[in-house]
file start.pdb (PDB, C-alpha atoms, pLDDT in the B column)
ATOM      1  CA  MET A   8       0.000   0.000   0.000  1.00 47.00           C
ATOM      2  CA  SER A   9       1.367   3.402  -0.951  1.00 46.00           C
ATOM      3  CA  LEU A  10       1.000   5.889   1.888  1.00 50.00           C
ATOM      4  CA  THR A  11       1.858   9.551   2.285  1.00 50.00           C
ATOM      5  CA  ARG A  12       1.722  11.479   5.521  1.00 50.00           C
ATOM      6  CA  LEU A  13       0.698  15.067   6.015  1.00 47.00           C
ATOM      7  CA  PRO A  14       2.823  17.163   8.409  1.00 46.00           C
ATOM      8  CA  GLN A  15       2.491  16.007  12.001  1.00 46.00           C
ATOM      9  CA  SER A  16       1.594  18.179  14.954  1.00 45.00           C
ATOM     10  CA  GLY A  17       2.934  17.494  18.447  1.00 43.00           C
ATOM     11  CA  PRO A  18       5.035  14.596  19.723  1.00 40.00           C
ATOM     12  CA  ARG A  19       4.713  11.208  18.117  1.00 40.00           C
ATOM     13  CA  ARG A  20       3.494   8.473  20.384  1.00 36.00           C
ATOM     14  CA  ARG A  21       2.701   4.866  19.864  1.00 35.00           C
ATOM     15  CA  ALA A  22      -0.981   3.968  19.503  1.00 34.00           C
ATOM     16  CA  ALA A  23      -2.195   0.727  21.032  1.00 33.00           C
ATOM     17  CA  ALA A  24      -5.341  -1.251  20.355  1.00 34.00           C
ATOM     18  CA  LEU A  25      -6.358  -3.967  22.798  1.00 33.00           C
ATOM     19  CA  VAL A  26      -8.496  -6.854  21.625  1.00 35.00           C
ATOM     20  CA  THR A  27     -10.695  -8.537  24.210  1.00 33.00           C
ATOM     21  CA  GLY A  28     -12.813 -11.331  22.776  1.00 30.00           C
ATOM     22  CA  ALA A  29     -14.868  -9.860  19.959  1.00 31.00           C
ATOM     23  CA  ALA A  30     -14.492  -6.274  21.156  1.00 35.00           C
ATOM     24  CA  LEU A  31     -11.668  -3.902  20.332  1.00 41.00           C
ATOM     25  CA  VAL A  32     -10.873  -1.722  23.328  1.00 42.00           C
ATOM     26  CA  LEU A  33      -9.213   1.492  22.236  1.00 41.00           C
ATOM     27  CA  ALA A  34      -7.201   3.335  24.828  1.00 42.00           C
ATOM     28  CA  LEU A  35      -5.848   6.781  25.206  1.00 38.00           C
ATOM     29  CA  ALA A  36      -3.406   7.499  28.045  1.00 33.00           C
ATOM     30  CA  GLY A  37      -3.200  11.168  28.453  1.00 33.00           C
ATOM     31  CA  CYS A  38      -6.379  12.443  26.851  1.00 44.00           C
ATOM     32  CA  GLY A  39      -4.894  15.824  25.970  1.00 33.00           C
ATOM     33  CA  SER A  40      -3.143  17.104  29.088  1.00 28.00           C
ATOM     34  CA  MET A  41      -4.351  14.250  31.281  1.00 27.00           C
ATOM     35  CA  SER A  42      -1.868  11.625  32.465  1.00 29.00           C
ATOM     36  CA  GLY A  43      -4.544   8.961  32.418  1.00 34.00           C
ATOM     37  CA  GLY A  44      -8.157   8.589  31.494  1.00 39.00           C
ATOM     38  CA  SER A  45     -11.285   6.586  32.091  1.00 41.00           C
ATOM     39  CA  SER A  46     -14.461   5.839  30.249  1.00 45.00           C
ATOM     40  CA  SER A  47     -17.784   6.904  31.658  1.00 47.00           C
ATOM     41  CA  GLY A  48     -18.401   3.310  32.701  1.00 42.00           C
ATOM     42  CA  SER A  49     -15.119   2.474  34.425  1.00 37.00           C
ATOM     43  CA  SER A  50     -12.918   4.370  36.851  1.00 32.00           C
ATOM     44  CA  ASP A  51      -9.718   2.431  36.198  1.00 32.00           C
ATOM     45  CA  THR A  52      -9.573   2.062  32.414  1.00 29.00           C
ATOM     46  CA  LYS A  53      -6.210   3.215  31.041  1.00 31.00           C
ATOM     47  CA  PHE A  54      -5.804   4.788  27.616  1.00 32.00           C
ATOM     48  CA  VAL A  55      -2.959   5.252  25.177  1.00 35.00           C
ATOM     49  CA  GLN A  56      -2.622   8.425  23.139  1.00 42.00           C
ATOM     50  CA  GLY A  57      -2.705   8.582  19.350  1.00 45.00           C
ATOM     51  CA  THR A  58       0.448   9.112  17.310  1.00 56.00           C
ATOM     52  CA  GLY A  59      -0.481  12.523  15.923  1.00 71.00           C
ATOM     53  CA  GLN A  60      -0.248  11.195  12.375  1.00 88.00           C
ATOM     54  CA  ILE A  61      -2.482  12.046   9.454  1.00 92.00           C
ATOM     55  CA  THR A  62      -2.002   9.368   6.796  1.00 92.00           C
ATOM     56  CA  THR A  63      -3.302   9.631   3.233  1.00 93.00           C
ATOM     57  CA  VAL A  64      -3.613   6.795   0.744  1.00 93.00           C
ATOM     58  CA  SER A  65      -3.288   7.076  -3.030  1.00 93.00           C
ATOM     59  CA  LYS A  66      -6.540   6.365  -4.812  1.00 93.00           C
ATOM     60  CA  ALA A  67      -5.352   3.096  -6.359  1.00 93.00           C
ATOM     61  CA  ASP A  68      -4.262   1.667  -3.004  1.00 93.00           C
ATOM     62  CA  ARG A  69      -7.169   2.551  -0.729  1.00 95.00           C
ATOM     63  CA  PRO A  70      -8.655  -0.297   1.335  1.00 94.00           C
ATOM     64  CA  THR A  71     -12.412  -0.816   1.348  1.00 95.00           C
ATOM     65  CA  ALA A  72     -14.235   0.461   4.417  1.00 96.00           C
ATOM     66  CA  PRO A  73     -16.489  -2.125   6.085  1.00 95.00           C
ATOM     67  CA  ASP A  74     -20.217  -1.493   5.914  1.00 94.00           C
ATOM     68  CA  ILE A  75     -20.765  -1.126   9.634  1.00 96.00           C
ATOM     69  CA  SER A  76     -24.297  -0.848  10.951  1.00 97.00           C
ATOM     70  CA  GLY A  77     -26.054  -0.628  14.287  1.00 97.00           C
ATOM     71  CA  LYS A  78     -28.063   1.632  16.564  1.00 97.00           C
ATOM     72  CA  SER A  79     -27.332   5.318  16.790  1.00 98.00           C
ATOM     73  CA  VAL A  80     -27.051   7.375  19.969  1.00 98.00           C
ATOM     74  CA  ASP A  81     -30.673   8.367  19.271  1.00 97.00           C
ATOM     75  CA  GLY A  82     -31.771   4.727  18.962  1.00 97.00           C
ATOM     76  CA  GLN A  83     -32.226   4.764  15.194  1.00 97.00           C
ATOM     77  CA  GLN A  84     -30.834   2.174  12.787  1.00 98.00           C
ATOM     78  CA  LEU A  85     -27.684   3.507  11.135  1.00 98.00           C
ATOM     79  CA  SER A  86     -25.295   2.153   8.504  1.00 98.00           C
ATOM     80  CA  LEU A  87     -22.500   3.567   6.389  1.00 97.00           C
ATOM     81  CA  SER A  88     -24.069   2.120   3.237  1.00 96.00           C
ATOM     82  CA  GLN A  89     -26.969   4.544   3.489  1.00 96.00           C
ATOM     83  CA  TYR A  90     -24.475   7.282   2.570  1.00 97.00           C
ATOM     84  CA  LYS A  91     -23.101   5.503  -0.482  1.00 93.00           C
ATOM     85  CA  GLY A  92     -21.934   8.006  -3.080  1.00 95.00           C
ATOM     86  CA  LYS A  93     -20.995  10.592  -0.459  1.00 98.00           C
ATOM     87  CA  VAL A  94     -17.660  11.363   1.140  1.00 98.00           C
ATOM     88  CA  ILE A  95     -17.920  10.141   4.742  1.00 98.00           C
ATOM     89  CA  VAL A  96     -15.985  11.568   7.666  1.00 98.00           C
ATOM     90  CA  LEU A  97     -16.076   8.890  10.379  1.00 98.00           C
ATOM     91  CA  ASN A  98     -14.988  10.062  13.826  1.00 98.00           C
ATOM     92  CA  VAL A  99     -14.414   7.805  16.848  1.00 97.00           C
ATOM     93  CA  TRP A 100     -15.130   9.656  20.087  1.00 97.00           C
ATOM     94  CA  GLY A 101     -16.125   9.433  23.728  1.00 97.00           C
ATOM     95  CA  SER A 102     -17.739  12.072  25.917  1.00 96.00           C
ATOM     96  CA  TRP A 103     -15.054  11.435  28.579  1.00 95.00           C
ATOM     97  CA  CYS A 104     -12.127  12.142  26.224  1.00 95.00           C
ATOM     98  CA  ASP A 105     -10.537  15.612  26.425  1.00 95.00           C
ATOM     99  CA  PRO A 106      -9.110  15.611  22.857  1.00 96.00           C
ATOM    100  CA  CYS A 107     -12.568  14.606  21.594  1.00 97.00           C
ATOM    101  CA  ARG A 108     -14.049  17.588  23.396  1.00 97.00           C
ATOM    102  CA  ALA A 109     -11.366  19.845  21.950  1.00 96.00           C
ATOM    103  CA  GLU A 110     -12.007  18.817  18.351  1.00 97.00           C
ATOM    104  CA  ALA A 111     -15.818  18.485  18.531  1.00 98.00           C
ATOM    105  CA  PRO A 112     -16.602  22.148  17.645  1.00 98.00           C
ATOM    106  CA  ASN A 113     -14.232  21.866  14.674  1.00 98.00           C
ATOM    107  CA  LEU A 114     -15.988  18.754  13.391  1.00 98.00           C
ATOM    108  CA  ALA A 115     -19.390  20.384  13.854  1.00 98.00           C
ATOM    109  CA  GLN A 116     -18.289  23.463  11.908  1.00 98.00           C
ATOM    110  CA  VAL A 117     -16.766  21.591   8.980  1.00 98.00           C
ATOM    111  CA  ALA A 118     -19.751  19.222   8.845  1.00 98.00           C
ATOM    112  CA  LYS A 119     -22.041  22.228   8.457  1.00 98.00           C
ATOM    113  CA  ASP A 120     -19.800  23.889   5.868  1.00 97.00           C
ATOM    114  CA  THR A 121     -19.431  20.811   3.653  1.00 98.00           C
ATOM    115  CA  ALA A 122     -22.904  19.267   3.798  1.00 97.00           C
ATOM    116  CA  ALA A 123     -23.889  20.846   0.475  1.00 97.00           C
ATOM    117  CA  LYS A 124     -20.761  19.350  -1.141  1.00 97.00           C
ATOM    118  CA  GLY A 125     -21.888  15.778  -0.570  1.00 97.00           C
ATOM    119  CA  VAL A 126     -19.996  15.193   2.679  1.00 98.00           C
ATOM    120  CA  GLN A 127     -21.608  13.217   5.500  1.00 98.00           C
ATOM    121  CA  PHE A 128     -20.127  13.152   8.991  1.00 98.00           C
ATOM    122  CA  VAL A 129     -20.805  10.083  11.153  1.00 98.00           C
ATOM    123  CA  GLY A 130     -19.525   9.316  14.651  1.00 98.00           C
ATOM    124  CA  ILE A 131     -18.749   6.140  16.549  1.00 98.00           C
ATOM    125  CA  ASN A 132     -19.340   6.788  20.250  1.00 98.00           C
ATOM    126  CA  ILE A 133     -17.423   4.282  22.359  1.00 95.00           C
ATOM    127  CA  ARG A 134     -16.882   3.625  26.082  1.00 94.00           C
ATOM    128  CA  ASP A 135     -19.962   5.623  27.063  1.00 96.00           C
ATOM    129  CA  TYR A 136     -22.435   3.239  28.671  1.00 94.00           C
ATOM    130  CA  ASP A 137     -25.333   5.665  28.996  1.00 95.00           C
ATOM    131  CA  THR A 138     -26.651   7.538  25.978  1.00 96.00           C
ATOM    132  CA  ALA A 139     -27.534  10.475  28.247  1.00 97.00           C
ATOM    133  CA  GLN A 140     -23.819  11.295  28.421  1.00 96.00           C
ATOM    134  CA  SER A 141     -23.464  10.944  24.658  1.00 97.00           C
ATOM    135  CA  LYS A 142     -26.449  13.174  23.967  1.00 97.00           C
ATOM    136  CA  SER A 143     -25.196  15.791  26.411  1.00 97.00           C
ATOM    137  CA  PHE A 144     -21.863  15.856  24.567  1.00 97.00           C
ATOM    138  CA  GLU A 145     -23.619  16.328  21.230  1.00 97.00           C
ATOM    139  CA  ARG A 146     -25.784  19.148  22.561  1.00 97.00           C
ATOM    140  CA  SER A 147     -22.825  20.887  24.194  1.00 97.00           C
ATOM    141  CA  PHE A 148     -20.794  20.990  20.995  1.00 97.00           C
ATOM    142  CA  GLY A 149     -23.538  21.397  18.404  1.00 97.00           C
ATOM    143  CA  ILE A 150     -23.111  17.932  16.893  1.00 97.00           C
ATOM    144  CA  THR A 151     -26.098  17.320  14.625  1.00 97.00           C
ATOM    145  CA  TYR A 152     -24.806  14.399  12.558  1.00 98.00           C
ATOM    146  CA  PRO A 153     -25.537  10.814  13.696  1.00 98.00           C
ATOM    147  CA  SER A 154     -23.242   8.595  15.742  1.00 98.00           C
ATOM    148  CA  PHE A 155     -23.241   4.860  16.268  1.00 98.00           C
ATOM    149  CA  PHE A 156     -23.647   3.959  19.931  1.00 98.00           C
ATOM    150  CA  ASP A 157     -20.903   1.365  20.417  1.00 97.00           C
ATOM    151  CA  PRO A 158     -19.973   1.288  24.107  1.00 96.00           C
ATOM    152  CA  ASP A 159     -17.898  -1.906  23.871  1.00 94.00           C
ATOM    153  CA  GLY A 160     -16.127  -1.020  20.603  1.00 93.00           C
ATOM    154  CA  LYS A 161     -17.586  -3.994  18.750  1.00 94.00           C
ATOM    155  CA  LEU A 162     -17.958  -2.083  15.483  1.00 96.00           C
ATOM    156  CA  LEU A 163     -14.260  -1.327  15.415  1.00 93.00           C
ATOM    157  CA  VAL A 164     -13.263  -4.962  14.873  1.00 91.00           C
ATOM    158  CA  LYS A 165     -15.126  -4.766  11.560  1.00 93.00           C
ATOM    159  CA  PHE A 166     -12.066  -2.936  10.224  1.00 91.00           C
ATOM    160  CA  PRO A 167      -9.583  -5.634   9.149  1.00 83.00           C
ATOM    161  CA  ARG A 168      -5.871  -5.328   9.787  1.00 80.00           C
ATOM    162  CA  GLY A 169      -4.109  -3.466   7.017  1.00 76.00           C
ATOM    163  CA  SER A 170      -7.178  -1.349   6.283  1.00 82.00           C
ATOM    164  CA  LEU A 171      -6.145   1.735   8.314  1.00 86.00           C
ATOM    165  CA  PRO A 172      -8.440   0.857  11.235  1.00 89.00           C
ATOM    166  CA  PRO A 173      -9.090   3.260  14.110  1.00 91.00           C
ATOM    167  CA  GLN A 174      -6.248   2.899  16.626  1.00 88.00           C
ATOM    168  CA  SER A 175      -6.797   5.683  19.147  1.00 90.00           C
ATOM    169  CA  ILE A 176      -9.438   7.996  20.505  1.00 93.00           C
ATOM    170  CA  PRO A 177     -10.088  10.208  18.724  1.00 95.00           C
ATOM    171  CA  THR A 178      -9.525   8.726  15.293  1.00 96.00           C
ATOM    172  CA  THR A 179     -11.002  10.234  12.148  1.00 97.00           C
ATOM    173  CA  LEU A 180     -11.306   8.356   8.856  1.00 97.00           C
ATOM    174  CA  ILE A 181     -12.215   9.974   5.548  1.00 98.00           C
ATOM    175  CA  ILE A 182     -13.976   7.503   3.247  1.00 97.00           C
ATOM    176  CA  ASP A 183     -14.250   8.401  -0.436  1.00 98.00           C
ATOM    177  CA  ARG A 184     -17.311   8.114  -2.667  1.00 97.00           C
ATOM    178  CA  ASP A 185     -16.361   4.543  -3.570  1.00 96.00           C
ATOM    179  CA  GLN A 186     -16.348   3.595   0.136  1.00 96.00           C
ATOM    180  CA  LYS A 187     -12.555   3.358   0.266  1.00 96.00           C
ATOM    181  CA  ILE A 188     -10.526   4.691   3.189  1.00 96.00           C
ATOM    182  CA  ALA A 189      -8.563   7.679   1.911  1.00 96.00           C
ATOM    183  CA  VAL A 190      -7.311   9.312   5.117  1.00 96.00           C
ATOM    184  CA  ARG A 191      -6.742   8.340   8.741  1.00 95.00           C
ATOM    185  CA  ALA A 192      -6.001  10.884  11.471  1.00 96.00           C
ATOM    186  CA  LEU A 193      -4.771   9.641  14.847  1.00 94.00           C
ATOM    187  CA  LYS A 194      -5.122  12.989  16.591  1.00 94.00           C
ATOM    188  CA  ALA A 195      -7.611  15.661  17.542  1.00 96.00           C
ATOM    189  CA  LEU A 196      -8.217  17.755  14.440  1.00 97.00           C
ATOM    190  CA  THR A 197      -8.300  21.504  13.979  1.00 97.00           C
ATOM    191  CA  THR A 198     -10.551  22.921  11.273  1.00 97.00           C
ATOM    192  CA  ASP A 199      -7.442  23.520   9.143  1.00 97.00           C
ATOM    193  CA  ASP A 200      -6.294  19.908   9.601  1.00 96.00           C
ATOM    194  CA  LEU A 201      -9.678  18.618   8.590  1.00 97.00           C
ATOM    195  CA  ARG A 202     -10.153  20.867   5.591  1.00 97.00           C
ATOM    196  CA  LYS A 203      -6.642  20.125   4.302  1.00 96.00           C
ATOM    197  CA  ALA A 204      -7.304  16.386   4.476  1.00 96.00           C
ATOM    198  CA  LEU A 205     -10.914  16.517   3.273  1.00 98.00           C
ATOM    199  CA  ASP A 206     -10.833  19.017   0.395  1.00 97.00           C
ATOM    200  CA  PRO A 207      -8.806  16.844  -2.015  1.00 97.00           C
ATOM    201  CA  ILE A 208     -11.136  13.891  -1.454  1.00 98.00           C
ATOM    202  CA  VAL A 209     -14.207  16.052  -2.061  1.00 97.00           C
ATOM    203  CA  ALA A 210     -12.612  17.377  -5.266  1.00 97.00           C
ATOM    204  CA  GLU A 211     -12.061  13.893  -6.703  1.00 95.00           C
ATOM    205  CA  LYS A 212     -14.156  12.902  -9.672  1.00 80.00           C
TER     206      LYS A 212
END

call {"tool": "encode", "arguments": {"input": "start.pdb", "output": "structure tokens"}}
result
Amino acid sequence: MSLTRLPQSGPRRRAAALVTGAALVLALAGCGSMSGGSSSGSSDTKFVQGTGQITTVSKADRPTAPDISGKSVDGQQLSLSQYKGKVIVLNVWGSWCDPCRAEAPNLAQVAKDTAAKGVQFVGINIRDYDTAQSKSFERSFGITYPSFFDPDGKLLVKFPRGSLPPQSIPTTLIIDRDQKIAVRALKALTTDDLRKALDPIVAEK
């Protein structure tokens, strides 16, 4: 697979993904300035920070994104295939994660600005075990796009190895109109980061 990386921001750190049975448990140690973190359902869960990398894949080498489906935070049925033909920005987040909180307004803004260009934002909310916390997060940051409610991370194992799977929280994937993974960001994104990664994919014919 031919990969190119956009300029990195901040120190590089190793991302770790833990597999427990059928569920992939993503961890983030040091959510932003924190030295440790916990999900909303556990007081002793440890997390490992993302690498800070934004990786792009040439069009010919992009892996196919799995057609994940399940219930949304609002209890509705949701699947990626319902957005076939659109560019999808898929963001993995948790209400308890400081970097997720930092980037949420940026995602909300770019989602609003690009909706008319055929871009659909979708979230995967993990490690929140009560949708009340998830909904509060969405209200606080003006998130109007849907998110899968995936407290145990079961949807994340749908991404096979070698396909640029999510490996930290937050992770953002940009999926092109052919449902191929074009970009993976293992960091909290600024609006500039997101636009720089997204605009070339939107411009593709």

call {"tool": "resolve_selection", "arguments": {"input": "start.pdb", "expression": "the PyMOL selection byres ((chain A and resi 193) around 9)", "output": "list in words"}}
result
Ala22, Gln56, Gly57, Thr58, Gly59, Gln60, Ile61, Thr62, Pro173, Gln174, Ser175, Ile176, Pro177, Thr178, Thr179, Leu180, Arg191, Ala192, Lys194, Ala195 and Leu196 of chain A

call {"tool": "atom_distance", "arguments": {"input": "start.pdb", "atom1": "atom CA of A:Ala204", "atom2": "atom CA of A:Phe156"}}
result
25.7 Å

call {"tool": "resolve_selection", "arguments": {"input": "start.pdb", "expression": "the PyMOL selection byres ((chain A and resi 77-86) around 7)", "output": "list in words"}}
result
Asp74, Ile75, Ser76, Leu87, Ser88, Gln89, Thr138, Ser141, Pro153, Ser154, Phe155 and Phe156 of chain A

call {"tool": "resolve_selection", "arguments": {"input": "start.pdb", "expression": "the PyMOL selection byres ((chain A and resi 91) around 12)", "output": "list of chain:residue names"}}
result
A:Ala72, A:Asp74, A:Ser86, A:Leu87, A:Ser88, A:Gln89, A:Tyr90, A:Gly92, A:Lys93, A:Val94, A:Ile95, A:Gly125, A:Val126, A:Gln127, A:Ile182, A:Asp183, A:Arg184, A:Asp185, A:Gln186, A:Lys187

call {"tool": "atom_distance", "arguments": {"input": "start.pdb", "atom1": "atom CA of A:Gln140", "atom2": "atom CA of A:Trp103"}}
result
8.8 Å
